[in-house]
>>> print(open('structure.csv').read())   # CSV, C-alpha atoms
chain,number,residue,atom,x,y,z
O,10,MET,CA,58.3,-32.0,-5.4
O,11,HIS,CA,57.5,-34.3,-2.6
O,12,ARG,CA,60.7,-33.5,-0.8
O,13,PHE,CA,59.2,-30.1,-0.1
O,14,ALA,CA,56.0,-31.5,1.2
O,15,ASN,CA,57.6,-31.8,4.6
O,16,PRO,CA,56.8,-28.5,6.5
O,17,ALA,CA,60.0,-28.6,8.5
O,18,ARG,CA,62.1,-28.9,5.4
O,19,PHE,CA,60.0,-26.2,3.8
O,20,GLN,CA,60.6,-23.9,6.8
O,21,ARG,CA,64.4,-24.4,6.4
O,22,LEU,CA,64.2,-23.7,2.7
O,23,SER,CA,62.1,-20.6,3.1
O,24,SER,CA,64.3,-19.1,5.8
O,25,ALA,CA,67.2,-19.5,3.3
O,26,ILE,CA,65.3,-17.8,0.5
O,27,LEU,CA,63.6,-15.0,2.5
O,28,PRO,CA,66.5,-12.6,3.0
O,29,TRP,CA,67.5,-12.8,-0.7
O,30,SER,CA,64.0,-12.3,-2.0
O,31,ALA,CA,63.3,-9.4,0.4
O,32,GLY,CA,66.6,-7.8,-0.5
O,33,ALA,CA,66.0,-8.3,-4.2
O,34,THR,CA,62.5,-6.7,-3.8
O,35,VAL,CA,63.9,-3.6,-2.2
O,36,VAL,CA,66.7,-3.1,-4.8
O,37,LEU,CA,64.5,-3.9,-7.8
O,38,LEU,CA,61.7,-1.6,-6.7
O,39,ILE,CA,64.1,1.3,-6.0
O,40,VAL,CA,65.8,0.8,-9.4
O,41,GLY,CA,62.4,0.3,-11.1
O,42,LEU,CA,60.9,3.5,-9.6
O,43,TYR,CA,64.0,5.4,-10.6
O,44,PHE,CA,63.6,4.2,-14.2
O,45,SER,CA,59.9,4.6,-14.4
O,46,LEU,CA,59.7,8.1,-12.8
O,47,PHE,CA,63.1,9.8,-13.8
O,48,SER,CA,65.0,8.1,-16.5
O,49,SER,CA,62.3,7.1,-19.0
O,50,PRO,CA,60.9,9.5,-21.6
O,51,PRO,CA,57.2,10.7,-21.7
O,52,ASP,CA,55.2,9.1,-24.5
O,53,TYR,CA,54.7,11.1,-27.7
O,54,GLN,CA,51.0,10.6,-27.6
O,55,GLN,CA,50.2,10.0,-23.9
O,56,GLY,CA,52.7,12.4,-22.3
O,57,GLU,CA,53.5,11.7,-18.6
O,58,THR,CA,50.5,9.4,-18.1
O,59,VAL,CA,52.5,6.6,-19.7
O,60,ARG,CA,54.3,6.3,-16.3
O,61,ILE,CA,51.1,4.7,-14.9
O,62,MET,CA,52.0,1.8,-17.3
O,63,TYR,CA,55.0,0.8,-15.1
O,64,ILE,CA,52.6,0.0,-12.3
O,65,HIS,CA,49.6,-1.1,-14.3
O,66,VAL,CA,51.1,-3.6,-16.6
O,67,PRO,CA,53.3,-5.5,-14.1
O,68,ALA,CA,50.3,-5.6,-11.7
O,69,ALA,CA,48.2,-7.1,-14.5
O,70,TRP,CA,50.9,-9.7,-15.3
O,71,MET,CA,51.1,-10.6,-11.6
O,72,SER,CA,47.3,-10.9,-11.2
O,73,LEU,CA,47.4,-13.6,-13.9
O,74,PHE,CA,50.7,-15.2,-12.8
O,75,VAL,CA,49.5,-15.5,-9.2
O,76,TYR,CA,46.2,-17.0,-10.3
O,77,VAL,CA,47.9,-19.6,-12.5
O,78,ASN,CA,50.2,-20.6,-9.7
O,79,MET,CA,47.3,-20.9,-7.3
O,80,ALA,CA,45.4,-23.1,-9.8
O,81,ILE,CA,48.5,-25.4,-10.3
O,82,ALA,CA,48.7,-25.6,-6.5
O,83,ALA,CA,45.0,-26.4,-6.3
O,84,ALA,CA,45.4,-29.3,-8.8
O,85,CYS,CA,48.4,-30.6,-6.7
O,86,GLY,CA,46.3,-30.3,-3.6
O,87,LEU,CA,43.4,-32.1,-5.0
O,88,VAL,CA,45.3,-34.9,-6.8
O,89,TRP,CA,48.2,-35.6,-4.5
O,90,LYS,CA,46.8,-34.2,-1.2
O,91,HIS,CA,50.0,-32.2,-1.0
O,92,PRO,CA,49.8,-30.5,2.4
O,93,LEU,CA,51.6,-27.3,1.4
O,94,ALA,CA,49.8,-26.9,-1.9
O,95,ASP,CA,46.5,-26.0,-0.2
O,96,LEU,CA,48.3,-23.6,2.1
O,97,PHE,CA,50.1,-22.0,-0.8
O,98,ALA,CA,46.9,-21.2,-2.6
O,99,LYS,CA,45.4,-19.8,0.6
O,100,ALA,CA,48.5,-17.7,1.3
O,101,ALA,CA,48.8,-16.3,-2.2
O,102,ALA,CA,45.1,-15.3,-2.7
O,103,PRO,CA,45.2,-11.9,-0.8
O,104,VAL,CA,48.4,-11.0,-2.7
O,105,GLY,CA,46.8,-11.9,-6.1
O,106,ALA,CA,43.7,-9.9,-5.1
O,107,GLY,CA,45.9,-7.0,-4.2
O,108,PHE,CA,47.7,-7.0,-7.6
O,109,THR,CA,44.4,-7.2,-9.4
O,110,PHE,CA,43.0,-4.3,-7.4
O,111,ILE,CA,46.1,-2.2,-8.2
O,112,CYS,CA,45.7,-3.2,-11.9
O,113,LEU,CA,42.0,-2.1,-11.9
O,114,VAL,CA,42.5,1.2,-10.0
O,115,THR,CA,45.6,2.3,-12.0
O,116,GLY,CA,43.8,1.3,-15.2
O,117,SER,CA,41.0,3.5,-14.3
O,118,LEU,CA,43.3,6.4,-13.4
O,119,TRP,CA,45.0,5.9,-16.8
O,120,GLY,CA,41.7,5.6,-18.7
O,121,ALA,CA,40.3,8.8,-17.3
O,122,PRO,CA,42.7,11.2,-19.0
O,123,MET,CA,43.5,9.0,-22.1
O,124,TRP,CA,40.2,7.4,-23.0
O,125,GLY,CA,38.0,10.1,-21.4
O,126,THR,CA,36.3,7.5,-19.2
O,127,TRP,CA,37.0,5.8,-15.9
O,128,TRP,CA,35.4,2.5,-16.8
O,129,VAL,CA,33.9,0.7,-19.8
O,130,TRP,CA,32.2,-2.7,-19.7
O,131,ASP,CA,34.3,-4.1,-22.5
O,132,ALA,CA,35.9,-7.6,-22.6
O,133,ARG,CA,39.3,-6.8,-21.1
O,134,LEU,CA,38.1,-4.7,-18.2
O,135,THR,CA,35.1,-7.0,-17.4
O,136,SER,CA,37.2,-10.2,-17.4
O,137,VAL,CA,39.8,-8.7,-15.1
O,138,LEU,CA,37.0,-7.6,-12.8
O,139,ILE,CA,35.8,-11.2,-12.8
O,140,LEU,CA,39.3,-12.3,-11.9
O,141,PHE,CA,39.2,-9.9,-8.9
O,142,PHE,CA,35.9,-11.5,-7.8
O,143,LEU,CA,37.3,-15.0,-8.3
O,144,TYR,CA,40.1,-14.1,-5.8
O,145,LEU,CA,37.6,-12.6,-3.3
O,146,GLY,CA,35.2,-15.6,-3.8
O,147,TYR,CA,38.0,-18.1,-3.2
O,148,MET,CA,39.1,-16.3,0.0
O,149,ALA,CA,35.5,-16.2,1.3
O,150,LEU,CA,34.9,-19.9,0.4
O,151,VAL,CA,38.0,-21.2,2.0
O,152,ASN,CA,37.0,-19.6,5.3
O,153,ALA,CA,33.4,-20.5,5.1
O,154,PHE,CA,33.7,-24.1,6.4
O,155,ASP,CA,34.1,-25.2,10.0
O,156,ASP,CA,36.4,-28.0,8.7
O,157,PRO,CA,39.4,-26.2,7.0
O,158,GLN,CA,40.0,-29.3,4.8
O,159,ARG,CA,36.5,-29.0,3.2
O,160,GLY,CA,37.0,-25.3,2.7
O,161,MET,CA,40.3,-25.9,1.0
O,162,ARG,CA,38.8,-28.5,-1.3
O,163,ALA,CA,35.9,-26.3,-2.3
O,164,GLY,CA,38.3,-23.4,-2.9
O,165,ASN,CA,40.6,-25.6,-5.0
O,166,VAL,CA,37.7,-26.6,-7.2
O,167,LEU,CA,36.7,-22.9,-7.6
O,168,LEU,CA,40.3,-22.1,-8.6
O,169,LEU,CA,40.4,-24.8,-11.3
O,170,VAL,CA,37.0,-23.8,-12.7
O,171,GLY,CA,38.1,-20.1,-12.8
O,172,ILE,CA,41.2,-20.9,-14.9
O,173,VAL,CA,39.0,-20.5,-18.0
O,174,ASN,CA,39.0,-16.8,-17.3
O,175,VAL,CA,42.8,-16.6,-17.8
O,176,PRO,CA,43.0,-17.1,-21.6
O,177,ILE,CA,39.9,-15.0,-21.9
O,178,ILE,CA,41.7,-12.1,-20.2
O,179,LYS,CA,44.9,-12.6,-22.3
O,180,PHE,CA,43.1,-12.8,-25.7
O,181,SER,CA,40.2,-10.5,-25.0
O,182,VAL,CA,42.0,-7.6,-26.7
O,183,ASP,CA,42.3,-9.7,-29.9
O,184,TRP,CA,38.9,-11.4,-29.8
O,185,TRP,CA,36.7,-8.5,-29.2
O,186,ASN,CA,36.6,-4.8,-30.1
O,187,THR,CA,37.8,-3.0,-27.1
O,188,LEU,CA,39.1,0.4,-25.9
O,189,HIS,CA,42.0,-1.4,-24.4
O,190,GLN,CA,45.2,-1.6,-26.5
O,191,PRO,CA,46.5,-5.0,-27.6
O,192,SER,CA,49.7,-6.5,-26.2
O,193,SER,CA,52.9,-4.8,-27.0
O,194,VAL,CA,55.3,-6.9,-25.0
O,195,ILE,CA,54.3,-10.5,-24.9
O,196,ARG,CA,53.3,-11.0,-28.5
O,197,MET,CA,54.2,-13.0,-31.6
O,198,GLY,CA,57.1,-11.3,-33.4
O,199,GLY,CA,58.6,-9.7,-30.3
O,200,PRO,CA,57.8,-6.6,-28.3
O,201,THR,CA,56.9,-3.4,-30.2
O,202,ILE,CA,57.5,-1.2,-27.2
O,203,ASP,CA,60.7,0.9,-27.1
O,204,GLY,CA,63.6,-0.2,-25.0
O,205,THR,CA,63.6,2.9,-22.8
O,206,MET,CA,60.1,1.9,-21.7
O,207,LEU,CA,60.7,-1.8,-21.7
O,208,THR,CA,63.5,-1.6,-19.1
O,209,PRO,CA,61.4,0.1,-16.3
O,210,LEU,CA,58.5,-2.3,-17.2
O,211,LEU,CA,60.6,-5.4,-16.7
O,212,VAL,CA,62.4,-4.2,-13.6
O,213,MET,CA,59.1,-3.4,-11.9
O,214,ALA,CA,57.7,-6.7,-13.0
O,215,PHE,CA,60.7,-8.6,-11.5
O,216,GLY,CA,60.3,-6.4,-8.3
O,217,PHE,CA,56.7,-7.4,-8.0
O,218,THR,CA,57.6,-11.0,-8.5
O,219,THR,CA,60.2,-11.0,-5.7
O,220,TYR,CA,57.7,-9.1,-3.6
O,221,PHE,CA,55.2,-11.9,-4.2
O,222,ILE,CA,57.7,-14.6,-3.3
O,223,THR,CA,58.7,-12.8,-0.1
O,224,VAL,CA,55.1,-12.1,1.1
O,225,VAL,CA,53.9,-15.6,0.2
O,226,LEU,CA,56.7,-17.3,2.1
O,227,LEU,CA,55.9,-15.2,5.2
O,228,ARG,CA,52.2,-16.0,4.8
O,229,LEU,CA,52.9,-19.7,4.4
O,230,LYS,CA,55.0,-19.6,7.5
O,231,ALA,CA,52.0,-18.1,9.4
O,232,GLU,CA,49.6,-20.7,7.9
O,233,ILE,CA,51.9,-23.5,9.1
O,234,VAL,CA,52.0,-22.0,12.6
O,235,GLN,CA,48.2,-21.7,12.6
O,236,ARG,CA,47.9,-25.3,11.4
O,237,LYS,CA,50.0,-26.3,14.4
O,238,ILE,CA,47.8,-24.3,16.7
O,239,GLN,CA,44.8,-26.1,15.3
O,240,THR,CA,46.1,-29.6,15.8
O,241,MET,CA,47.3,-28.7,19.3
O,242,ARG,CA,43.8,-27.5,20.2
O,243,LEU,CA,42.2,-30.5,18.7
O,244,THR,CA,44.4,-33.0,20.6
O,245,GLU,CA,43.7,-31.0,23.8
O,246,ALA,CA,39.9,-31.1,23.1
O,247,GLN,CA,40.0,-34.8,22.6
O,248,GLY,CA,42.2,-35.5,25.6
I,6,MET,CA,61.5,19.8,-9.2
I,7,SER,CA,57.9,21.2,-9.3
I,8,ASP,CA,58.0,20.2,-13.0
I,9,PHE,CA,58.6,16.7,-11.9
I,10,PHE,CA,55.7,16.7,-9.4
I,11,ALA,CA,53.4,18.4,-12.0
I,12,MET,CA,53.8,15.3,-14.4
I,13,GLY,CA,53.0,17.5,-17.4
I,14,GLY,CA,49.6,18.4,-15.9
I,15,TYR,CA,48.7,14.7,-15.2
I,16,ALA,CA,49.8,14.8,-11.5
I,17,ALA,CA,46.2,14.0,-10.4
I,18,PHE,CA,46.4,10.7,-12.3
I,19,VAL,CA,50.0,9.6,-12.1
I,20,TRP,CA,50.6,10.1,-8.3
I,21,PRO,CA,47.4,8.4,-7.1
I,22,ALA,CA,48.3,5.4,-9.3
I,23,TYR,CA,51.7,5.1,-7.6
I,24,GLY,CA,50.1,5.9,-4.2
I,25,VAL,CA,47.5,3.1,-4.5
I,26,ALA,CA,50.1,0.6,-5.4
I,27,ALA,CA,52.4,1.5,-2.5
I,28,LEU,CA,49.4,1.5,-0.1
I,29,VAL,CA,48.3,-2.0,-1.1
I,30,LEU,CA,51.7,-3.6,-1.2
I,31,ILE,CA,52.9,-2.1,2.1
I,32,GLY,CA,49.5,-2.8,3.7
I,33,LEU,CA,49.7,-6.5,2.7
I,34,LEU,CA,53.2,-6.8,4.0
I,35,VAL,CA,52.3,-5.2,7.4
I,36,ALA,CA,49.2,-7.3,7.7
I,37,THR,CA,51.3,-10.4,7.0
I,38,PHE,CA,53.8,-9.5,9.6
I,39,LYS,CA,51.0,-8.9,12.1
I,40,THR,CA,49.4,-12.3,11.5
I,41,LEU,CA,52.7,-14.1,11.7
I,42,ARG,CA,53.7,-12.4,14.9
I,43,SER,CA,50.3,-13.0,16.6
I,44,SER,CA,50.1,-16.7,15.6
I,45,GLU,CA,53.6,-17.3,16.7
I,46,THR,CA,52.8,-15.7,20.1
I,47,THR,CA,49.7,-18.0,20.4
I,48,LEU,CA,51.7,-21.1,19.5
I,49,LYS,CA,54.3,-20.2,22.1
I,50,ALA,CA,51.6,-19.6,24.7
I,51,LEU,CA,50.0,-23.0,23.9
I,52,GLU,CA,53.3,-24.8,24.1
I,53,GLY,CA,54.2,-23.0,27.3
I,54,SER,CA,50.9,-24.0,29.0
I,55,ARG,CA,51.6,-27.7,28.6
I,56,PRO,CA,54.1,-29.6,30.7
I,57,ALA,CA,57.5,-29.9,29.0
I,58,ARG,CA,58.0,-33.1,27.1
I,59,ARG,CA,60.2,-34.4,24.4
I,60,ARG,CA,57.7,-35.3,21.7
I,61,PRO,CA,54.8,-33.0,20.9
I,62,ARG,CA,51.5,-34.3,19.4
I,63,ARG,CA,51.3,-37.6,21.2
I,64,ASN,CA,48.1,-39.0,22.6
I,65,ASP,CA,49.7,-40.0,25.9
I,66,ALA,CA,51.0,-36.5,26.4
I,67,ALA,CA,47.5,-35.0,25.8
I,68,ALA,CA,46.0,-37.5,28.2
I,69,THR,CA,48.3,-36.4,31.0
I,70,SER,CA,47.2,-32.8,30.7
I,71,PRO,CA,43.5,-32.9,30.1
I,72,LYS,CA,42.5,-29.5,31.5
I,73,VAL,CA,45.3,-27.3,30.1
I,74,GLY,CA,44.3,-25.1,27.3
I,75,ALA,CA,40.6,-25.7,27.7
I,76,ALA,CA,39.9,-21.9,27.6
I,77,GLU,CA,41.6,-21.6,24.2
I,78,VAL,CA,39.6,-24.5,22.8
I,79,GLY,CA,36.4,-22.5,23.3
I,80,GLU,CA,37.6,-19.7,21.0
I,81,GLY,CA,38.4,-22.0,18.1
>>> encode(input="structure.csv", output="structure tokens")
Amino acid sequence: MHRFANPARFQRLSSAILPWSAGATVVLLIVGLYFSLFSSPPDYQQGETVRIMYIHVPAAWMSLFVYVNMAIAAACGLVWKHPLADLFAKAAAPVGAGFTFICLVTGSLWGAPMWGTWWVWDARLTSVLILFFLYLGYMALVNAFDDPQRGMRAGNVLLLVGIVNVPIIKFSVDWWNTLHQPSSVIRMGGPTIDGTMLTPLLVMAFGFTTYFITVVLLRLKAEIVQRKIQTMRLTEAQG
Amino acid sequence: MSDFFAMGGYAAFVWPAYGVAALVLIGLLVATFKTLRSSETTLKALEGSRPARRRPRRNDAAATSPKVGAAEVGEG
């Protein structure tokens, strides 16, 4: 891991990955959209609204995946003072917040015709809303300090505290009575979803993942440049 | 084709869902490119405003150009 702590080495690695992740994102999302809009059947109960699932569920997975990654980075940043770990969490936060927002809005658009309501304050929906606020709170906290190091440290602590929310989201549909359906893909005993619907779901999920990798690498690049600007101005102010 | 866009009567729910996702993902990408572009321009300007030297970030270099970049410091 420490080999990648060197920003120059990281820059080289990221420029090698970027064209591949960007290309994979374009291909996967085009194939995924074709599967989810054209070559998958309507649901026997939900009709065409089931197509919202191919956005909603991958976005929900990403909202958790990004958060867990940020929390791991936060731990590395706090324990080993890894210079890129802090920057990774900061770079990933807006992307995670974006996925959580997509998950909430598409869920609402799916709930309106199928449940007869845009929103209910049940365990799953409320815990995802809290996740969204954790992302926003982290972004506000990191930028709230004059000293960026202190902001990062405060943000990292928030990320680690907020990790309790992740299992709550995952198991909320089993622990409490809720309108939201239980898991049908990541569950004990294998997925119960039909293959014709699983394919678009997985392709979209991979597309979202490569999108995340691409955008985070670009944002990290920008963060490193901004860090350089900061140190240059500091040395000039002292000189 | 109009059947496809009608989405079995659920067009008002399916298309906005895809629209919101596209808007957020494209918006994030564009915003990221903008920040990257603008911070790279700032860095280049900062580097250009100092006398050329071999090793950046050295105290002696900063000491030889005390006034350069003073205007930018105020913003930060």
>>> closest_residue(input="structure.csv", among="O:Asp183, O:Trp89, O:Ile61, O:Trp130", to="I:Trp20", atoms="all atoms listed in the file")
O:Ile61
>>> residues_around(input="structure.csv", residues="I:Ile31", least_positions_apart="2", cutoff="12 Å", atoms="only C-alpha atoms", output="short mmCIF file (atom, residue, chain, number, x, y, z; two decimals) with C-alpha atoms, keeping the file's coordinate frame")
data_model
loop_
_atom_site.label_atom_id
_atom_site.label_comp_id
_atom_site.auth_asym_id
_atom_site.auth_seq_id
_atom_site.Cartn_x
_atom_site.Cartn_y
_atom_site.Cartn_z
CA VAL O 35 63.90 -3.60 -2.20
CA VAL O 104 48.40 -11.00 -2.70
CA GLY O 107 45.90 -7.00 -4.20
CA TYR O 220 57.70 -9.10 -3.60
CA PHE O 221 55.20 -11.90 -4.20
CA VAL O 224 55.10 -12.10 1.10
CA GLY I 24 50.10 5.90 -4.20
CA VAL I 25 47.50 3.10 -4.50
CA ALA I 26 50.10 0.60 -5.40
CA ALA I 27 52.40 1.50 -2.50
CA LEU I 28 49.40 1.50 -0.10
CA VAL I 29 48.30 -2.00 -1.10
CA LEU I 33 49.70 -6.50 2.70
CA LEU I 34 53.20 -6.80 4.00
CA VAL I 35 52.30 -5.20 7.40
CA ALA I 36 49.20 -7.30 7.70
CA THR I 37 51.30 -10.40 7.00
CA PHE I 38 53.80 -9.50 9.60
#
>>> closest_residue(input="structure.csv", among="O:Asp95, O:Asp155, O:Asp203, O:Glu245", to="chain I", atoms="only C-alpha atoms")
O:Glu245
>>> residues_around(input="structure.csv", residues="stretch 7-13 of chain I", least_positions_apart="3", cutoff="12 Å", atoms="all atoms listed in the file", output="PyMOL selection string")
(chain O and resi 46-48+50-52+55-61) or (chain I and resi 16-21)
>>> atom_distance(input="structure.csv", atom1="atom CA of O:Gly32", atom2="atom CA of O:Thr205")
24.9 Å
>>> interface_residues(input="structure.csv", of="chain O", to="chain I", cutoff="6 Å", atoms="all atoms listed in the file", output="list of chain:residue names")
O:Glu57, O:Ile61, O:Ile111, O:Thr115, O:Leu118, O:Ala231, O:Ile238, O:Arg242, O:Glu245, O:Gly248
>>> residues_around(input="structure.csv", residues="O:Thr223", least_positions_apart="3", cutoff="12 Å", atoms="only C-alpha atoms", output="short mmCIF file (atom, residue, chain, number, x, y, z; two decimals) with C-alpha atoms, in the coordinates of the input")
data_model
loop_
_atom_site.label_atom_id
_atom_site.label_comp_id
_atom_site.auth_asym_id
_atom_site.auth_seq_id
_atom_site.Cartn_x
_atom_site.Cartn_y
_atom_site.Cartn_z
CA SER O 23 62.10 -20.60 3.10
CA SER O 24 64.30 -19.10 5.80
CA ALA O 25 67.20 -19.50 3.30
CA ILE O 26 65.30 -17.80 0.50
CA LEU O 27 63.60 -15.00 2.50
CA PRO O 28 66.50 -12.60 3.00
CA TRP O 29 67.50 -12.80 -0.70
CA SER O 30 64.00 -12.30 -2.00
CA ALA O 31 63.30 -9.40 0.40
CA GLY O 32 66.60 -7.80 -0.50
CA ALA O 33 66.00 -8.30 -4.20
CA THR O 34 62.50 -6.70 -3.80
CA VAL O 35 63.90 -3.60 -2.20
CA ALA O 100 48.50 -17.70 1.30
CA ALA O 101 48.80 -16.30 -2.20
CA VAL O 104 48.40 -11.00 -2.70
CA GLY O 216 60.30 -6.40 -8.30
CA PHE O 217 56.70 -7.40 -8.00
CA THR O 218 57.60 -11.00 -8.50
CA THR O 219 60.20 -11.00 -5.70
CA TYR O 220 57.70 -9.10 -3.60
CA LEU O 226 56.70 -17.30 2.10
CA LEU O 227 55.90 -15.20 5.20
CA ARG O 228 52.20 -16.00 4.80
CA LEU O 229 52.90 -19.70 4.40
CA LYS O 230 55.00 -19.60 7.50
CA LEU I 30 51.70 -3.60 -1.20
CA LEU I 33 49.70 -6.50 2.70
CA LEU I 34 53.20 -6.80 4.00
CA THR I 37 51.30 -10.40 7.00
CA PHE I 38 53.80 -9.50 9.60
#
>>> atom_distance(input="structure.csv", atom1="atom CA of O:Ala163", atom2="atom CA of O:Thr240")
21.0 Å
>>> closest_residue(input="structure.csv", among="O:Phe44, O:Ala153, O:Gln247, O:Gln54", to="O:Pro122", atoms="only C-alpha atoms")
O:Gln54
>>> atom_distance(input="structure.csv", atom1="atom CA of O:Ile222", atom2="atom CA of O:Val75")
10.1 Å
>>> closest_residue(input="structure.csv", among="O:Leu42, O:Ala82, O:Met241, O:Leu145", to="I:Ala50", atoms="only C-alpha atoms")
O:Met241
